[in-house]
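Here's upload.pdb, which has PDB, C-alpha atoms, pLDDT in the B column:
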```
ATOM      1  CA  MET A   1      85.274  77.784 109.198  1.00 50.00           C
ATOM      2  CA  LYS A   2      81.920  78.245 107.451  1.00 53.00           C
ATOM      3  CA  LEU A   3      81.868  81.882 108.509  1.00 50.00           C
ATOM      4  CA  ALA A   4      85.354  82.400 107.065  1.00 51.00           C
ATOM      5  CA  LEU A   5      84.349  80.757 103.763  1.00 49.00           C
ATOM      6  CA  ILE A   6      81.144  82.789 103.505  1.00 51.00           C
ATOM      7  CA  THR A   7      83.011  85.994 104.351  1.00 51.00           C
ATOM      8  CA  SER A   8      85.654  85.273 101.715  1.00 53.00           C
ATOM      9  CA  LEU A   9      82.919  84.692  99.123  1.00 49.00           C
ATOM     10  CA  PHE A  10      81.319  88.058  99.874  1.00 48.00           C
ATOM     11  CA  VAL A  11      84.669  89.844  99.848  1.00 46.00           C
ATOM     12  CA  SER A  12      85.670  88.283  96.533  1.00 50.00           C
ATOM     13  CA  ALA A  13      82.258  89.096  95.049  1.00 47.00           C
ATOM     14  CA  ALA A  14      82.931  92.782  95.735  1.00 46.00           C
ATOM     15  CA  ALA A  15      85.592  92.666  93.020  1.00 46.00           C
ATOM     16  CA  PHE A  16      82.803  92.206  90.486  1.00 44.00           C
ATOM     17  CA  ALA A  17      80.557  95.011  91.749  1.00 45.00           C
ATOM     18  CA  PRO A  18      79.731  97.447  88.980  1.00 45.00           C
ATOM     19  CA  ILE A  19      81.640 100.697  88.906  1.00 46.00           C
ATOM     20  CA  SER A  20      79.956 104.014  88.319  1.00 43.00           C
ATOM     21  CA  GLN A  21      80.209 105.198  84.746  1.00 40.00           C
ATOM     22  CA  LYS A  22      81.298 108.831  84.542  1.00 43.00           C
ATOM     23  CA  SER A  23      81.036 109.056  80.798  1.00 41.00           C
ATOM     24  CA  SER A  24      78.806 107.316  78.370  1.00 41.00           C
ATOM     25  CA  SER A  25      81.592 106.402  75.952  1.00 46.00           C
ATOM     26  CA  GLN A  26      80.639 103.017  74.618  1.00 49.00           C
ATOM     27  CA  THR A  27      83.074 101.078  72.513  1.00 48.00           C
ATOM     28  CA  SER A  28      82.279  98.150  70.342  1.00 53.00           C
ATOM     29  CA  LEU A  29      83.700  94.951  71.741  1.00 56.00           C
ATOM     30  CA  ALA A  30      85.410  94.233  68.426  1.00 55.00           C
ATOM     31  CA  ALA A  31      87.409  97.466  68.721  1.00 51.00           C
ATOM     32  CA  TRP A  32      88.423  96.659  72.298  1.00 55.00           C
ATOM     33  CA  LYS A  33      89.541  93.156  71.278  1.00 58.00           C
ATOM     34  CA  ASP A  34      91.519  94.477  68.307  1.00 57.00           C
ATOM     35  CA  GLU A  35      93.303  97.196  70.259  1.00 60.00           C
ATOM     36  CA  THR A  36      94.030  95.106  73.331  1.00 62.00           C
ATOM     37  CA  VAL A  37      97.017  92.850  72.918  1.00 68.00           C
ATOM     38  CA  VAL A  38      97.338  91.624  76.493  1.00 78.00           C
ATOM     39  CA  GLY A  39      95.033  88.795  77.522  1.00 79.00           C
ATOM     40  CA  ILE A  40      94.205  87.505  74.063  1.00 80.00           C
ATOM     41  CA  ILE A  41      96.087  84.236  74.320  1.00 81.00           C
ATOM     42  CA  ALA A  42      96.241  81.220  72.009  1.00 78.00           C
ATOM     43  CA  PRO A  43      94.500  78.818  71.580  1.00 79.00           C
ATOM     44  CA  THR A  44      91.283  80.500  72.787  1.00 78.00           C
ATOM     45  CA  GLY A  45      91.968  84.093  71.725  1.00 80.00           C
ATOM     46  CA  PHE A  46      89.521  86.480  73.372  1.00 79.00           C
ATOM     47  CA  PHE A  47      87.830  84.091  75.783  1.00 77.00           C
ATOM     48  CA  ASP A  48      84.398  85.196  76.965  1.00 81.00           C
ATOM     49  CA  PRO A  49      82.035  82.218  76.659  1.00 81.00           C
ATOM     50  CA  LEU A  50      79.336  83.812  78.857  1.00 87.00           C
ATOM     51  CA  GLY A  51      79.351  87.088  76.952  1.00 84.00           C
ATOM     52  CA  LEU A  52      80.064  89.196  80.050  1.00 84.00           C
ATOM     53  CA  SER A  53      81.901  91.769  77.946  1.00 84.00           C
ATOM     54  CA  LYS A  54      79.134  92.466  75.421  1.00 85.00           C
ATOM     55  CA  GLY A  55      78.119  96.107  75.323  1.00 85.00           C
ATOM     56  CA  LYS A  56      80.545  97.156  78.059  1.00 85.00           C
ATOM     57  CA  SER A  57      82.448 100.446  78.006  1.00 86.00           C
ATOM     58  CA  ASP A  58      86.246 100.675  78.078  1.00 82.00           C
ATOM     59  CA  GLU A  59      86.077 101.680  81.751  1.00 84.00           C
ATOM     60  CA  ILE A  60      84.179  98.558  82.734  1.00 88.00           C
ATOM     61  CA  MET A  61      86.433  96.315  80.629  1.00 86.00           C
ATOM     62  CA  GLU A  62      89.475  97.853  82.326  1.00 85.00           C
ATOM     63  CA  PHE A  63      87.800  97.266  85.695  1.00 88.00           C
ATOM     64  CA  TYR A  64      87.239  93.611  84.741  1.00 88.00           C
ATOM     65  CA  ARG A  65      90.888  93.280  83.685  1.00 87.00           C
ATOM     66  CA  GLU A  66      92.061  94.795  86.964  1.00 89.00           C
ATOM     67  CA  ALA A  67      89.798  92.445  88.929  1.00 90.00           C
ATOM     68  CA  GLU A  68      91.158  89.490  86.960  1.00 90.00           C
ATOM     69  CA  LEU A  69      94.746  90.524  87.656  1.00 91.00           C
ATOM     70  CA  LYS A  70      94.108  91.174  91.342  1.00 92.00           C
ATOM     71  CA  ASN A  71      92.257  87.891  91.891  1.00 94.00           C
ATOM     72  CA  GLY A  72      94.913  86.018  89.907  1.00 94.00           C
ATOM     73  CA  ARG A  73      97.717  87.502  92.005  1.00 93.00           C
ATOM     74  CA  VAL A  74      95.894  86.664  95.233  1.00 94.00           C
ATOM     75  CA  ALA A  75      95.235  83.115  93.978  1.00 96.00           C
ATOM     76  CA  MET A  76      98.922  82.622  93.067  1.00 95.00           C
ATOM     77  CA  ALA A  77      99.922  83.750  96.572  1.00 94.00           C
ATOM     78  CA  ALA A  78      97.230  81.494  98.065  1.00 93.00           C
ATOM     79  CA  CYS A  79      98.533  78.450  96.162  1.00 92.00           C
ATOM     80  CA  LEU A  80     102.069  79.114  97.352  1.00 91.00           C
ATOM     81  CA  GLY A  81     100.858  79.683 100.906  1.00 88.00           C
ATOM     82  CA  TRP A  82      98.745  76.535 100.803  1.00 88.00           C
ATOM     83  CA  TYR A  83     101.689  74.299  99.975  1.00 84.00           C
ATOM     84  CA  LEU A  84     104.030  76.044 102.400  1.00 83.00           C
ATOM     85  CA  ASN A  85     101.465  75.599 105.155  1.00 82.00           C
ATOM     86  CA  ALA A  86     100.738  71.991 104.171  1.00 80.00           C
ATOM     87  CA  GLY A  87     104.498  71.380 104.177  1.00 78.00           C
ATOM     88  CA  GLY A  88     104.717  72.519 107.798  1.00 77.00           C
ATOM     89  CA  VAL A  89     106.120  76.002 107.258  1.00 78.00           C
ATOM     90  CA  HIS A  90     104.384  78.471 109.576  1.00 76.00           C
ATOM     91  CA  PRO A  91     106.117  81.842 109.777  1.00 73.00           C
ATOM     92  CA  ALA A  92     104.006  82.957 112.736  1.00 70.00           C
ATOM     93  CA  PHE A  93     102.886  81.619 116.095  1.00 73.00           C
ATOM     94  CA  ASN A  94     105.913  79.313 116.543  1.00 74.00           C
ATOM     95  CA  SER A  95     104.491  76.830 114.011  1.00 74.00           C
ATOM     96  CA  GLU A  96     101.783  75.820 116.504  1.00 80.00           C
ATOM     97  CA  LEU A  97      98.986  75.959 113.941  1.00 81.00           C
ATOM     98  CA  SER A  98      97.714  72.910 112.070  1.00 83.00           C
ATOM     99  CA  ASN A  99      99.362  71.852 108.820  1.00 83.00           C
ATOM    100  CA  ASN A 100      95.878  71.723 107.272  1.00 85.00           C
ATOM    101  CA  PRO A 101      95.422  75.266 105.879  1.00 87.00           C
ATOM    102  CA  LEU A 102      91.668  75.369 106.573  1.00 89.00           C
ATOM    103  CA  GLU A 103      92.177  74.219 110.167  1.00 88.00           C
ATOM    104  CA  ALA A 104      95.028  76.710 110.552  1.00 86.00           C
ATOM    105  CA  ALA A 105      92.644  79.472 109.442  1.00 87.00           C
ATOM    106  CA  GLN A 106      90.245  78.440 112.211  1.00 90.00           C
ATOM    107  CA  GLN A 107      93.054  78.329 114.783  1.00 89.00           C
ATOM    108  CA  LEU A 108      94.425  81.741 113.850  1.00 87.00           C
ATOM    109  CA  PRO A 109      93.890  84.115 116.785  1.00 89.00           C
ATOM    110  CA  LEU A 110      91.894  87.316 116.410  1.00 92.00           C
ATOM    111  CA  VAL A 111      95.087  89.396 116.280  1.00 91.00           C
ATOM    112  CA  GLY A 112      96.190  87.354 113.254  1.00 89.00           C
ATOM    113  CA  TRP A 113      92.911  88.022 111.437  1.00 92.00           C
ATOM    114  CA  LEU A 114      93.225  91.687 112.373  1.00 95.00           C
ATOM    115  CA  GLN A 115      96.661  91.772 110.733  1.00 93.00           C
ATOM    116  CA  VAL A 116      95.270  90.115 107.595  1.00 91.00           C
ATOM    117  CA  PHE A 117      92.361  92.578 107.443  1.00 95.00           C
ATOM    118  CA  LEU A 118      94.533  95.650 108.014  1.00 97.00           C
ATOM    119  CA  GLY A 119      97.214  94.443 105.594  1.00 94.00           C
ATOM    120  CA  CYS A 120      94.682  93.828 102.812  1.00 93.00           C
ATOM    121  CA  GLY A 121      93.030  97.161 103.552  1.00 95.00           C
ATOM    122  CA  ALA A 122      96.369  98.987 103.318  1.00 95.00           C
ATOM    123  CA  VAL A 123      97.135  97.363  99.969  1.00 91.00           C
ATOM    124  CA  GLU A 124      93.663  98.250  98.642  1.00 91.00           C
ATOM    125  CA  TRP A 125      93.989 101.851  99.834  1.00 93.00           C
ATOM    126  CA  LEU A 126      97.424 102.158  98.219  1.00 90.00           C
ATOM    127  CA  ALA A 127      96.106 100.668  94.965  1.00 88.00           C
ATOM    128  CA  GLU A 128      93.280 103.220  94.896  1.00 88.00           C
ATOM    129  CA  GLN A 129      95.808 106.031  95.387  1.00 89.00           C
ATOM    130  CA  ILE A 130      98.007 104.702  92.584  1.00 87.00           C
ATOM    131  CA  LYS A 131      95.004 104.617  90.218  1.00 86.00           C
ATOM    132  CA  THR A 132      94.743 108.409  90.382  1.00 87.00           C
ATOM    133  CA  ARG A 133      98.101 109.022  88.679  1.00 84.00           C
ATOM    134  CA  PRO A 134      98.037 109.980  85.000  1.00 83.00           C
ATOM    135  CA  GLY A 135      98.544 107.208  82.467  1.00 79.00           C
ATOM    136  CA  TYR A 136      97.547 104.419  84.867  1.00 81.00           C
ATOM    137  CA  LYS A 137      96.885 101.024  83.246  1.00 82.00           C
ATOM    138  CA  PRO A 138      94.756  98.391  85.005  1.00 82.00           C
ATOM    139  CA  GLY A 139      96.858  96.263  87.331  1.00 80.00           C
ATOM    140  CA  ASP A 140     100.062  98.263  86.875  1.00 81.00           C
ATOM    141  CA  LEU A 141     100.692  99.104  90.519  1.00 79.00           C
ATOM    142  CA  LEU A 142     104.464  99.489  90.139  1.00 78.00           C
ATOM    143  CA  GLY A 143     104.370 101.899  87.192  1.00 75.00           C
ATOM    144  CA  ALA A 144     105.991  99.661  84.589  1.00 76.00           C
ATOM    145  CA  SER A 145     103.908 101.264  81.829  1.00 73.00           C
ATOM    146  CA  TYR A 146     106.013 104.428  82.197  1.00 74.00           C
ATOM    147  CA  TRP A 147     109.068 102.544  80.899  1.00 80.00           C
ATOM    148  CA  VAL A 148     107.590  99.862  78.644  1.00 78.00           C
ATOM    149  CA  ASP A 149     104.479  99.873  76.489  1.00 77.00           C
ATOM    150  CA  ASP A 150     102.467  97.133  74.838  1.00 73.00           C
ATOM    151  CA  SER A 151     104.438  97.431  71.599  1.00 77.00           C
ATOM    152  CA  ASP A 152     107.306  95.468  73.225  1.00 78.00           C
ATOM    153  CA  GLU A 153     106.726  91.761  72.539  1.00 82.00           C
ATOM    154  CA  GLY A 154     108.679  90.677  75.609  1.00 83.00           C
ATOM    155  CA  TRP A 155     106.541  92.839  77.888  1.00 82.00           C
ATOM    156  CA  VAL A 156     103.301  91.606  76.330  1.00 83.00           C
ATOM    157  CA  ASP A 157     104.525  88.022  76.700  1.00 86.00           C
ATOM    158  CA  TYR A 158     105.307  88.654  80.376  1.00 86.00           C
ATOM    159  CA  GLN A 159     101.836  90.125  80.975  1.00 87.00           C
ATOM    160  CA  ASN A 160     100.168  87.208  79.171  1.00 88.00           C
ATOM    161  CA  LYS A 161     102.121  84.749  81.321  1.00 91.00           C
ATOM    162  CA  GLU A 162     100.965  86.550  84.454  1.00 90.00           C
ATOM    163  CA  LEU A 163      97.337  86.393  83.293  1.00 90.00           C
ATOM    164  CA  SER A 164      97.615  82.713  82.344  1.00 91.00           C
ATOM    165  CA  ASN A 165      99.248  81.771  85.641  1.00 93.00           C
ATOM    166  CA  GLY A 166      96.663  83.804  87.544  1.00 93.00           C
ATOM    167  CA  ARG A 167      93.795  82.098  85.723  1.00 92.00           C
ATOM    168  CA  LEU A 168      95.291  78.690  86.466  1.00 93.00           C
ATOM    169  CA  ALA A 169      95.889  79.611  90.114  1.00 95.00           C
ATOM    170  CA  MET A 170      92.265  80.698  90.569  1.00 95.00           C
ATOM    171  CA  VAL A 171      91.097  77.274  89.400  1.00 94.00           C
ATOM    172  CA  ALA A 172      93.830  75.489  91.383  1.00 92.00           C
ATOM    173  CA  ILE A 173      93.082  77.092  94.751  1.00 94.00           C
ATOM    174  CA  MET A 174      89.389  76.297  94.290  1.00 94.00           C
ATOM    175  CA  GLY A 175      90.351  72.661  93.677  1.00 89.00           C
ATOM    176  CA  MET A 176      92.587  72.580  96.762  1.00 89.00           C
ATOM    177  CA  ILE A 177      89.868  74.036  98.984  1.00 91.00           C
ATOM    178  CA  THR A 178      87.322  71.604  97.531  1.00 89.00           C
ATOM    179  CA  GLN A 179      89.634  68.644  98.099  1.00 85.00           C
ATOM    180  CA  ASP A 180      90.280  69.662 101.705  1.00 87.00           C
ATOM    181  CA  THR A 181      86.611  70.393 102.402  1.00 89.00           C
ATOM    182  CA  LEU A 182      85.198  67.215 100.840  1.00 86.00           C
ATOM    183  CA  TYR A 183      87.924  64.692 101.678  1.00 80.00           C
ATOM    184  CA  GLY A 184      89.943  66.290 104.484  1.00 80.00           C
ATOM    185  CA  ASP A 185      93.081  65.856 102.370  1.00 78.00           C
ATOM    186  CA  PHE A 186      95.254  68.936 102.023  1.00 79.00           C
ATOM    187  CA  SER A 187      98.314  67.307 100.476  1.00 72.00           C
ATOM    188  CA  ASP A 188      99.794  67.621  97.019  1.00 64.00           C
ATOM    189  CA  GLN A 189      97.634  65.197  95.029  1.00 64.00           C
ATOM    190  CA  ILE A 190      94.320  66.668  94.039  1.00 58.00           C
ATOM    191  CA  PHE A 191      91.437  64.236  94.553  1.00 56.00           C
ATOM    192  CA  LYS A 192      93.774  61.426  95.597  1.00 61.00           C
ATOM    193  CA  PRO A 193      90.880  59.378  97.101  1.00 60.00           C
ATOM    194  CA  LEU A 194      89.302  59.041  93.666  1.00 63.00           C
ATOM    195  CA  VAL A 195      92.351  57.440  92.066  1.00 62.00           C
ATOM    196  CA  GLN A 196      93.305  54.980  94.774  1.00 61.00           C
TER     197      GLN A 196
END
```

When written as structure tokens, how does the structure in this file appear?
Amino acid sequence: MKLALITSLFVSAAAFAPISQKSSSQTSLAAWKDETVVGIIAPTGFFDPLGLSKGKSDEIMEFYREAELKNGRVAMAACLGWYLNAGGVHPAFNSELSNNPLEAAQQLPLVGWLQVFLGCGAVEWLAEQIKTRPGYKPGDLLGASYWVDDSDEGWVDYQNKELSNGRLAMVAIMGMITQDTLYGDFSDQIFKPLVQ
């Protein structure tokens, strides 16, 4: 289990590796915040308390946005999978794995991990191929920006909801893993031992 957790930390850290800058076009952060509608959500507005975006080019900011979207989508899927697994729903291996998601990860045979690795690799490869098309926007893997742009309030609202839900899911899955690791409780009440 420790190996799986350490491996997942290294893999997720790769999302924040710096990208190579092909051009030296620097943009002031104020201009990027003013032009970008998606992700600036009330009540915090442009939320960057650690100042990670200061002095960054448009390319790096777009890379950060794509990483945020990708990690948020994975976290939303992880939260759903966590509760399905904890509820006893196992689509594979005749439901013989533990209902505790962390124990189920340990019990997963090598062929299962191979499927996870190859599936994630295929999605990453496809995403890299999609990025090469003209007019690509960070995170837009299905090509919605060809039909709708950020001037449509409904579309911007949808994108902001996806970002907000992804941000919440990233915090939520960390809480679920912490609860299971510290207390061995994988059920639906976060930190239940503290309130009883």

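Checking A:Met76, A:Pro101, A:Ala127, A:Val148 one by one against A:Gly88, counting only C-alpha atoms, you find the shortest gap at A:Pro101.
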
With the file shown as input, list the residues that the PyMOL selection byres ((chain A and resi 97) around 12) selects, as a PyMOL selection string. chain A and resi 85-86+88-96+98-109+112

Selection from above, C-alpha atoms, as a JSON list (two decimals), in the frame of the given file, can you write it?
```json
[["chain", "number", "residue", "atom", "x", "y", "z"],
["A", 85, "ASN", "CA", 101.46, 75.60, 105.16],
["A", 86, "ALA", "CA", 100.74, 71.99, 104.17],
["A", 88, "GLY", "CA", 104.72, 72.52, 107.80],
["A", 89, "VAL", "CA", 106.12, 76.00, 107.26],
["A", 90, "HIS", "CA", 104.38, 78.47, 109.58],
["A", 91, "PRO", "CA", 106.12, 81.84, 109.78],
["A", 92, "ALA", "CA", 104.01, 82.96, 112.74],
["A", 93, "PHE", "CA", 102.89, 81.62, 116.10],
["A", 94, "ASN", "CA", 105.91, 79.31, 116.54],
["A", 95, "SER", "CA", 104.49, 76.83, 114.01],
["A", 96, "GLU", "CA", 101.78, 75.82, 116.50],
["A", 98, "SER", "CA", 97.71, 72.91, 112.07],
["A", 99, "ASN", "CA", 99.36, 71.85, 108.82],
["A", 100, "ASN", "CA", 95.88, 71.72, 107.27],
["A", 101, "PRO", "CA", 95.42, 75.27, 105.88],
["A", 102, "LEU", "CA", 91.67, 75.37, 106.57],
["A", 103, "GLU", "CA", 92.18, 74.22, 110.17],
["A", 104, "ALA", "CA", 95.03, 76.71, 110.55],
["A", 105, "ALA", "CA", 92.64, 79.47, 109.44],
["A", 106, "GLN", "CA", 90.24, 78.44, 112.21],
["A", 107, "GLN", "CA", 93.05, 78.33, 114.78],
["A", 108, "LEU", "CA", 94.42, 81.74, 113.85],
["A", 109, "PRO", "CA", 93.89, 84.12, 116.78],
["A", 112, "GLY", "CA", 96.19, 87.35, 113.25]]
```

Name every residue that the PyMOL selection byres ((chain A and resi 68) around 9) selects in this structure, writing the answer as a PyMOL selection string with chains first and numbers rising. chain A and resi 15+63-67+69-73+139+163+166-167

Box dimensions and centre (Å, one decimal) enclosing stretch 61-66 of chain A, axis-aligned, 6 Å extra per side, as JSON:
```
{"center_x": 89.2, "center_y": 95.6, "center_z": 83.8, "size_x": 17.6, "size_y": 16.6, "size_z": 18.3}
```

So the first atom is atom CA of A:Ala78 and the second is atom CA of A:Ala169; what is the distance between them in Å, to one decimal place?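 So the answer is 8.3 Å.
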
Do you have the atom CA of A:Met176-atom CA of A:Val111 distance handy? 25.9 Å
